[in-house]
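Have a look at the structure below before the remarks.
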2 protein chains.
Amino acid sequence: MSLTIVGSVAFDTIETPFGRTERTIGGAGSYISLAASYFNTKPNVISVVGDDFPQEYFEMLKKHEIDTKGIQIKKGCKSFFWSGRYHNDMNSRTSLVTELNVLADFDPIIPEEYQNVDFLMLGNLLPSVQSTVIERLNKRPKLIVLDTMNFWMDTMLSELKNTISKVDILTINDEEARQLSGEYSLVKAAKKIMSMGPKYLIIKKGEHGALLFDKNEIFFAPALPLADVFDPTGAGDSFAGGFIGYLTNSNDISFNNMKNAVIMGSAMASFTVEKFGTIKLQNLSKNEIYERVQKFINLVKFDYKPGTGL
Amino acid sequence: MSLTIVGSVAFDTIETPFGRTERTIGGAGSYISLAASYFNTKPNVISVVGDDFPQEYFEMLKKHEIDTKGIQIKKGCKSFFWSGRYHNDMNSRTSLVTELNVLADFDPIIPEEYQNVDFLMLGNLLPSVQSTVIERLNKRPKLIVLDTMNFWMDTMLSELKNTISKVDILTINDEEARQLSGEYSLVKAAKKIMSMGPKYLIIKKGEHGALLFDKNEIFFAPALPLADVFDPTGAGDSFAGGFIGYLTNSNDISFNNMKNAVIMGSAMASFTVEKFGTIKLQNLSKNEIYERVQKFINLVKFDYKPGTGL
């Protein structure tokens, strides 16, 4: 099946207690497409960069069979740039610089070859841009997944709700689920959010795992307890890439198969945080991924015989 | 197998956003023994109360086949009293009143019938009192589980470390694990804490589940996502009671069986928080518990076939 990913391709400068990287490749579109590329998906990417974006990064993406013709290159303009510093607990960060540059007036153009796509992953971006992509597709994809963040809830809630109403699956973190719904209980929050349109909701809880909801059922995927987290940047996007990559490759959008996809997403996120930026995600083998998924299986496996013990 | 529980039996006054209860039965010894009582354990309790403690509470404990002859009644003295208020998120609380009363000079006397016990559960108490119980047993139990809290890390760390060195399993929460070890990563924290003596460590993460560690392996048990949490008081103690109750009844202290025990503990904790104080824990049926455990099984079950998807 075919997969199109919409998301920023950008420069990141990241400081963590373990070190610093300067202007390396980042952005939701980069992390999502790299993670999804391991699932034999040859993903299309819709994005925009300036002409400061080096050819070697395009080559790296192409090496992963990522189709970059949907990445517009704006002459005389600068790419999106973000700089942030993580604090000692790695759970909180300060944004130091956010330069929208080419993203400020991003008009998502869909190459003809990307039409009739089966799976659409909308990475975190301006909600109106995400909506525009859906509108510009000749045919509604089989599955649309939307990622977003609290910034859009603070600044353009009604546009965001409009976009949310058009998608099948929404992925947000626990604080964002609470903000969007006004409910503290994630069970109640999920009910409210699914009444806004999406049939499914994924709540990402970082080191505490992820919850997948449909109207009747809840699935919980743990996060892998790690000795060292070097850089949390892109963990949520890597999760999204593993999730949509697995679904695209299996072409099975049943709730049961989405559970597997959530585990795959969690596995891809667990790799990303082990090195700076996209480094780990650029250099994985199938065996490494299979071994990592086995760790998730073992982590929650127990052999209790129902109806015994009391 | 026989089980002895050491822990406070006390009065609690609790305020939550959902209401208030006045001087109802509380204390680690109450929650642990009630939770453990469902596992056919007829637990012994070592504790102390004042003569203000009503006979009806003793009758309630006896109805659950809890042996109360190890609960000393101090004439002319008052029982331990705690009062607290939970905030809107139910994850933080303020202690309003803590009156040690009879606990201030608690000398744990072990009835002759409690000697040669197989399983010993030391609920949160002064570390020196917990140590004294171990010393006063003629024979070391097959398994000793210790619960404690940050208060003792702040005020009497060396006594606490001495007690920790004598037990098989320590249960603490994630913040306490970080404080005790000086490590932020729970994987590193667990390694350090197990080097202090315990062969196993359980890290309780409240609404985020619980981790069970031995030297080589990690098991993760989720918490059940609940629509309503009325009162978190006693959740950790109910967890401990379900855990030790299941182990005692099955008489199997392998790591694999401890995984089942962690699930049972999580199930018992999930009941406790649904009503005020011990109310829910006083009135459970075996069927309710089996159904609850099935929810935990379903919550993390997925049918991924290893080596597929990429």
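Scheme for the structure tokens: letters A, B, ... for chains in order shown; per-chain residue numbers from 1; ligand numbers from 1 in order shown.
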What are the coordinates of chain B as a compact mmCIF listing (two decimals) with C-alpha atoms, in the first residue's frame following a least-squares fit to chain A on all in-order C-alpha atoms?
# COMPACT_ATOMS: atom_id res chain seq x y z
CA MET B 1 -0.02 -0.02 0.00
CA SER B 2 1.09 3.58 -0.54
CA LEU B 3 1.86 6.08 2.22
CA THR B 4 2.13 9.86 2.15
CA ILE B 5 3.58 11.78 5.06
CA VAL B 6 3.14 15.51 5.61
CA GLY B 7 5.50 17.20 8.06
CA SER B 8 8.35 19.61 8.58
CA VAL B 9 11.86 18.84 7.33
CA ALA B 10 14.12 21.12 9.26
CA PHE B 11 17.32 21.94 11.11
CA ASP B 12 17.51 21.23 14.84
CA THR B 13 20.08 22.35 17.37
CA ILE B 14 19.67 20.27 20.50
CA GLU B 15 21.27 20.48 23.93
CA THR B 16 20.86 17.71 26.48
CA PRO B 17 22.80 16.95 29.68
CA PHE B 18 24.83 14.55 27.48
CA GLY B 19 25.93 16.94 24.77
CA ARG B 20 24.93 19.16 21.90
CA THR B 21 24.28 18.81 18.18
CA GLU B 22 24.32 21.72 15.75
CA ARG B 23 21.90 22.13 12.81
CA THR B 24 21.28 18.47 12.14
CA ILE B 25 18.30 17.14 10.20
CA GLY B 26 15.07 17.20 12.18
CA GLY B 27 11.38 17.92 11.85
CA ALA B 28 8.33 15.66 12.08
CA GLY B 29 8.51 14.75 8.37
CA SER B 30 12.08 13.47 8.75
CA TYR B 31 11.46 11.31 11.82
CA ILE B 32 8.13 9.93 10.58
CA SER B 33 9.43 9.03 7.12
CA LEU B 34 12.65 7.45 8.41
CA ALA B 35 10.74 5.33 10.93
CA ALA B 36 8.12 4.34 8.33
CA SER B 37 10.78 3.51 5.74
CA TYR B 38 11.74 0.30 7.60
CA PHE B 39 8.29 -1.15 6.85
CA ASN B 40 8.87 -1.44 3.13
CA THR B 41 6.61 1.55 2.51
CA LYS B 42 8.69 3.79 0.21
CA PRO B 43 6.89 6.77 1.77
CA ASN B 44 6.14 10.03 -0.05
CA VAL B 45 6.92 13.20 1.85
CA ILE B 46 5.13 16.54 1.43
CA SER B 47 7.14 19.37 2.96
CA VAL B 48 9.11 22.53 2.25
CA VAL B 49 12.74 23.57 2.83
CA GLY B 50 14.93 26.52 1.88
CA ASP B 51 17.87 26.27 -0.51
CA ASP B 52 20.12 26.08 2.56
CA PHE B 53 19.08 22.46 2.93
CA PRO B 54 22.06 20.25 2.01
CA GLN B 55 21.88 17.74 -0.79
CA GLU B 56 23.41 15.07 1.46
CA TYR B 57 20.23 15.05 3.57
CA PHE B 58 18.13 14.40 0.48
CA GLU B 59 20.53 11.61 -0.45
CA MET B 60 20.17 10.08 3.03
CA LEU B 61 16.37 10.12 2.75
CA LYS B 62 16.55 8.62 -0.76
CA LYS B 63 18.84 5.86 0.52
CA HIS B 64 15.90 4.85 2.74
CA GLU B 65 13.67 4.79 -0.37
CA ILE B 66 11.86 7.90 0.82
CA ASP B 67 10.35 9.82 -2.10
CA THR B 68 11.36 13.47 -1.72
CA LYS B 69 9.78 15.00 -4.83
CA GLY B 70 6.99 16.37 -2.60
CA ILE B 71 9.55 18.42 -0.67
CA GLN B 72 9.46 21.91 -2.21
CA ILE B 73 12.78 23.82 -2.27
CA LYS B 74 12.26 27.58 -1.91
CA LYS B 75 15.04 29.57 -3.60
CA GLY B 76 16.57 32.29 -1.45
CA CYS B 77 14.71 31.12 1.64
CA LYS B 78 15.80 29.45 4.84
CA SER B 79 14.59 26.11 6.21
CA PHE B 80 12.59 25.82 9.42
CA PHE B 81 14.95 25.94 12.40
CA TRP B 82 14.32 24.85 15.98
CA SER B 83 16.67 24.89 18.93
CA GLY B 84 15.93 23.48 22.35
CA ARG B 85 17.51 22.51 25.62
CA TYR B 86 16.47 19.48 27.68
CA HIS B 87 16.67 19.63 31.45
CA ASN B 88 18.22 17.06 33.74
CA ASP B 89 15.14 14.85 33.99
CA MET B 90 14.83 14.80 30.16
CA ASN B 91 11.06 15.18 30.57
CA SER B 92 10.96 18.95 30.22
CA ARG B 93 12.59 21.22 27.69
CA THR B 94 12.95 24.88 26.81
CA SER B 95 12.57 26.06 23.23
CA LEU B 96 15.44 28.46 22.63
CA VAL B 97 14.82 29.45 19.00
CA THR B 98 11.90 28.80 16.64
CA GLU B 99 12.38 30.28 13.15
CA LEU B 100 9.43 29.33 10.92
CA ASN B 101 11.14 30.62 7.74
CA VAL B 102 9.72 28.62 4.78
CA LEU B 103 7.00 27.09 7.00
CA ALA B 104 5.43 30.53 7.59
CA ASP B 105 3.54 30.44 4.29
CA PHE B 106 3.75 26.74 3.44
CA ASP B 107 1.34 25.87 0.63
CA PRO B 108 1.33 22.05 0.44
CA ILE B 109 1.50 21.01 -3.21
CA ILE B 110 0.63 17.39 -3.89
CA PRO B 111 2.56 15.77 -6.76
CA GLU B 112 0.28 13.90 -9.18
CA GLU B 113 1.98 10.58 -8.25
CA TYR B 114 0.92 11.09 -4.61
CA GLN B 115 -2.79 11.21 -5.48
CA ASN B 116 -4.89 8.13 -4.69
CA VAL B 117 -2.65 7.34 -1.74
CA ASP B 118 -3.93 4.64 0.65
CA PHE B 119 -2.51 5.91 3.95
CA LEU B 120 -2.02 9.53 4.98
CA MET B 121 0.02 10.59 8.02
CA LEU B 122 -0.32 14.27 8.93
CA GLY B 123 2.61 15.22 11.15
CA ASN B 124 2.38 18.14 13.57
CA LEU B 125 1.88 21.34 11.55
CA LEU B 126 -0.48 24.30 11.21
CA PRO B 127 -3.98 22.69 11.33
CA SER B 128 -5.08 24.62 8.24
CA VAL B 129 -2.17 23.17 6.24
CA GLN B 130 -3.12 19.67 7.41
CA SER B 131 -6.73 20.32 6.29
CA THR B 132 -5.60 21.65 2.94
CA VAL B 133 -3.75 18.41 2.19
CA ILE B 134 -6.91 16.38 2.83
CA GLU B 135 -8.93 18.72 0.60
CA ARG B 136 -6.43 18.55 -2.25
CA LEU B 137 -6.53 14.76 -2.47
CA ASN B 138 -8.84 13.50 -5.25
CA LYS B 139 -9.91 10.56 -3.14
CA ARG B 140 -10.11 10.18 0.61
CA PRO B 141 -7.33 7.81 1.80
CA LYS B 142 -8.25 4.56 3.48
CA LEU B 143 -6.83 5.87 6.75
CA ILE B 144 -5.86 9.37 7.92
CA VAL B 145 -3.75 9.76 11.07
CA LEU B 146 -3.26 13.21 12.61
CA ASP B 147 -0.58 14.31 15.04
CA THR B 148 -0.78 17.72 16.69
CA MET B 149 0.30 19.55 19.85
CA ASN B 150 -0.79 21.93 22.63
CA PHE B 151 0.53 24.99 20.75
CA TRP B 152 -2.36 24.74 18.25
CA MET B 153 -4.85 24.17 21.08
CA ASP B 154 -3.65 27.43 22.62
CA THR B 155 -3.60 29.50 19.45
CA MET B 156 -6.09 28.14 16.89
CA LEU B 157 -8.45 25.71 18.57
CA SER B 158 -11.35 26.03 16.12
CA GLU B 159 -9.16 25.35 13.06
CA LEU B 160 -7.64 22.40 14.92
CA LYS B 161 -11.07 20.98 15.82
CA ASN B 162 -12.08 21.29 12.18
CA THR B 163 -9.03 19.26 11.13
CA ILE B 164 -9.59 16.71 13.90
CA SER B 165 -13.15 16.15 12.66
CA LYS B 166 -11.81 14.90 9.32
CA VAL B 167 -9.41 12.18 10.48
CA ASP B 168 -9.62 8.56 11.61
CA ILE B 169 -6.93 8.53 14.31
CA LEU B 170 -5.60 11.34 16.47
CA THR B 171 -2.28 11.03 18.35
CA ILE B 172 -1.54 13.43 21.22
CA ASN B 173 0.12 13.23 24.62
CA ASP B 174 -1.68 12.90 27.96
CA GLU B 175 -1.49 16.58 28.89
CA GLU B 176 -2.81 17.53 25.46
CA ALA B 177 -5.68 15.03 25.79
CA ARG B 178 -6.62 16.67 29.09
CA GLN B 179 -6.38 20.14 27.60
CA LEU B 180 -8.41 19.28 24.49
CA SER B 181 -11.18 17.52 26.43
CA GLY B 182 -11.24 19.41 29.72
CA GLU B 183 -11.28 16.04 31.48
CA TYR B 184 -8.56 14.83 33.85
CA SER B 185 -9.40 11.12 33.56
CA LEU B 186 -7.92 9.83 30.30
CA VAL B 187 -10.85 7.43 29.92
CA LYS B 188 -13.30 10.35 29.98
CA ALA B 189 -10.96 12.49 27.85
CA ALA B 190 -10.81 9.76 25.19
CA LYS B 191 -14.62 9.51 25.01
CA LYS B 192 -14.95 13.27 24.49
CA ILE B 193 -12.19 13.44 21.89
CA MET B 194 -13.61 10.53 19.90
CA SER B 195 -16.95 12.39 19.85
CA MET B 196 -15.10 15.15 17.92
CA GLY B 197 -14.65 12.87 14.92
CA PRO B 198 -11.78 10.36 15.20
CA LYS B 199 -12.79 6.71 15.55
CA TYR B 200 -9.52 6.00 17.37
CA LEU B 201 -7.31 7.91 19.75
CA ILE B 202 -3.72 7.30 20.75
CA ILE B 203 -2.54 8.97 23.95
CA LYS B 204 1.26 9.05 24.18
CA LYS B 205 2.62 9.11 27.73
CA GLY B 206 6.37 9.19 26.96
CA GLU B 207 8.30 7.02 29.40
CA HIS B 208 4.93 5.73 30.69
CA GLY B 209 3.84 4.13 27.40
CA ALA B 210 0.86 4.72 25.14
CA LEU B 211 -2.88 4.05 25.18
CA LEU B 212 -4.95 3.14 22.11
CA PHE B 213 -8.71 3.72 22.38
CA ASP B 214 -11.69 2.90 20.26
CA LYS B 215 -15.30 3.32 21.40
CA ASN B 216 -15.37 0.03 23.32
CA GLU B 217 -11.83 -1.04 24.10
CA ILE B 218 -8.50 0.16 25.48
CA PHE B 219 -5.07 -1.21 24.65
CA PHE B 220 -1.97 -0.26 26.58
CA ALA B 221 1.58 -0.46 25.22
CA PRO B 222 4.41 0.06 27.70
CA ALA B 223 7.51 2.10 27.02
CA LEU B 224 10.73 0.16 27.27
CA PRO B 225 12.58 1.05 30.49
CA LEU B 226 15.94 2.39 29.25
CA ALA B 227 19.16 2.88 31.18
CA ASP B 228 20.06 5.94 29.10
CA VAL B 229 17.90 8.43 27.24
CA PHE B 230 20.21 10.72 25.27
CA ASP B 231 17.75 12.86 23.35
CA PRO B 232 13.93 12.64 23.43
CA THR B 233 13.57 14.79 20.28
CA GLY B 234 11.47 13.03 17.66
CA ALA B 235 10.25 10.20 19.90
CA GLY B 236 6.58 11.00 19.21
CA ASP B 237 7.21 11.33 15.47
CA SER B 238 9.17 8.06 15.38
CA PHE B 239 6.23 6.44 17.16
CA ALA B 240 3.89 7.80 14.48
CA GLY B 241 6.22 6.56 11.72
CA GLY B 242 6.45 3.05 13.13
CA PHE B 243 2.69 2.98 13.68
CA ILE B 244 1.67 4.12 10.19
CA GLY B 245 4.51 2.18 8.54
CA TYR B 246 3.38 -1.11 10.09
CA LEU B 247 -0.29 -0.46 9.17
CA THR B 248 0.62 0.48 5.60
CA ASN B 249 2.73 -2.61 5.08
CA SER B 250 0.18 -4.99 6.59
CA ASN B 251 -2.80 -3.21 4.97
CA ASP B 252 -4.96 -4.24 7.92
CA ILE B 253 -6.67 -1.45 9.85
CA SER B 254 -8.54 -3.64 12.35
CA PHE B 255 -8.28 -2.60 16.00
CA ASN B 256 -6.35 -5.80 16.74
CA ASN B 257 -3.73 -4.97 14.14
CA MET B 258 -3.52 -1.38 15.39
CA LYS B 259 -2.34 -2.88 18.70
CA ASN B 260 0.65 -4.41 16.90
CA ALA B 261 1.23 -1.07 15.16
CA VAL B 262 1.33 0.72 18.53
CA ILE B 263 3.98 -1.74 19.72
CA MET B 264 5.99 -1.09 16.52
CA GLY B 265 5.67 2.66 17.06
CA SER B 266 6.86 2.28 20.65
CA ALA B 267 9.83 0.21 19.46
CA MET B 268 10.86 2.83 16.90
CA ALA B 269 10.55 5.60 19.52
CA SER B 270 12.73 3.60 21.93
CA PHE B 271 15.53 3.57 19.33
CA THR B 272 15.33 7.27 18.53
CA VAL B 273 15.96 8.43 22.11
CA GLU B 274 19.12 6.33 22.41
CA LYS B 275 21.15 8.69 20.19
CA PHE B 276 21.02 12.32 19.13
CA GLY B 277 18.49 13.40 16.51
CA THR B 278 17.84 10.94 13.70
CA ILE B 279 21.21 9.14 14.01
CA LYS B 280 19.84 5.90 15.39
CA LEU B 281 16.86 5.95 13.03
CA GLN B 282 19.20 6.23 10.04
CA ASN B 283 21.09 3.07 10.89
CA LEU B 284 18.81 0.25 12.01
CA SER B 285 18.67 -3.33 10.79
CA LYS B 286 15.55 -5.48 10.57
CA ASN B 287 17.04 -7.82 13.16
CA GLU B 288 17.55 -5.01 15.65
CA ILE B 289 13.92 -4.00 15.26
CA TYR B 290 12.64 -7.57 15.64
CA GLU B 291 14.78 -8.02 18.76
CA ARG B 292 13.48 -4.77 20.21
CA VAL B 293 9.87 -5.78 19.61
CA GLN B 294 10.60 -9.08 21.38
CA LYS B 295 11.66 -7.04 24.42
CA PHE B 296 8.26 -5.35 24.43
CA ILE B 297 6.57 -8.75 24.20
CA ASN B 298 8.61 -10.10 27.13
CA LEU B 299 8.11 -6.96 29.21
CA VAL B 300 4.36 -7.48 29.66
CA LYS B 301 4.09 -11.27 29.28
CA PHE B 302 2.80 -13.29 32.22
CA ASP B 303 1.31 -16.76 32.37
CA TYR B 304 -1.52 -16.37 34.89
CA LYS B 305 -4.24 -18.99 34.46
CA PRO B 306 -7.59 -17.16 34.54
CA GLY B 307 -9.78 -18.12 37.49
CA THR B 308 -6.97 -19.21 39.81
CA GLY B 309 -5.23 -17.80 42.87
CA LEU B 310 -8.10 -16.92 45.20
Would you please extract all strand (DSSP E or B) residues from range 151-239 of chain B, as assigned by DSSP on the backbone, and give them as a ChimeraX atom specification?
-> /B:169-173,200-204,210-213,218-221
Export N, CA and C atoms of the chosen residues as a CSV table (one decimal), in the first residue's frame?
chain,number,residue,atom,x,y,z
B,169,ILE,N,12.3,-8.4,49.0
B,169,ILE,CA,11.6,-7.5,48.0
B,169,ILE,C,11.4,-6.2,48.7
B,170,LEU,N,11.7,-5.1,48.0
B,170,LEU,CA,11.4,-3.8,48.4
B,170,LEU,C,10.3,-3.2,47.5
B,171,THR,N,9.3,-2.6,48.0
B,171,THR,CA,8.3,-1.8,47.2
B,171,THR,C,8.3,-0.4,47.5
B,172,ILE,N,8.6,0.5,46.5
B,172,ILE,CA,8.6,1.9,46.7
B,172,ILE,C,8.0,2.6,45.4
B,173,ASN,N,7.8,3.9,45.4
B,173,ASN,CA,7.3,4.5,44.2
B,173,ASN,C,8.5,5.0,43.4
B,200,TYR,N,14.8,-8.5,44.7
B,200,TYR,CA,13.8,-8.0,43.8
B,200,TYR,C,13.4,-6.6,44.2
B,201,LEU,N,12.9,-5.8,43.2
B,201,LEU,CA,12.4,-4.5,43.5
B,201,LEU,C,11.1,-4.3,42.8
B,202,ILE,N,10.1,-3.7,43.5
B,202,ILE,CA,8.9,-3.3,42.8
B,202,ILE,C,8.9,-1.7,42.8
B,203,ILE,N,8.8,-1.1,41.7
B,203,ILE,CA,8.6,0.3,41.6
B,203,ILE,C,7.2,0.6,41.2
B,204,LYS,N,6.4,1.3,42.1
B,204,LYS,CA,5.0,1.6,41.9
B,204,LYS,C,4.9,3.0,41.3
B,210,ALA,N,3.3,-0.5,37.4
B,210,ALA,CA,4.3,-0.9,38.3
B,210,ALA,C,5.4,-1.7,37.5
B,211,LEU,N,6.6,-1.6,38.0
B,211,LEU,CA,7.7,-2.4,37.4
B,211,LEU,C,8.3,-3.4,38.5
B,212,LEU,N,8.5,-4.6,38.0
B,212,LEU,CA,9.1,-5.6,38.9
B,212,LEU,C,10.5,-5.9,38.3
B,213,PHE,N,11.5,-5.8,39.1
B,213,PHE,CA,12.9,-6.1,38.7
B,213,PHE,C,13.5,-7.2,39.4
B,218,ILE,N,13.0,-7.4,33.6
B,218,ILE,CA,12.1,-6.4,34.0
B,218,ILE,C,10.7,-6.9,33.6
B,219,PHE,N,9.7,-6.8,34.5
B,219,PHE,CA,8.3,-7.0,34.1
B,219,PHE,C,7.5,-5.7,34.4
B,220,PHE,N,6.6,-5.4,33.5
B,220,PHE,CA,5.8,-4.2,33.6
B,220,PHE,C,4.3,-4.6,33.7
B,221,ALA,N,3.7,-4.1,34.7
B,221,ALA,CA,2.2,-4.3,34.9
B,221,ALA,C,1.6,-2.9,34.7
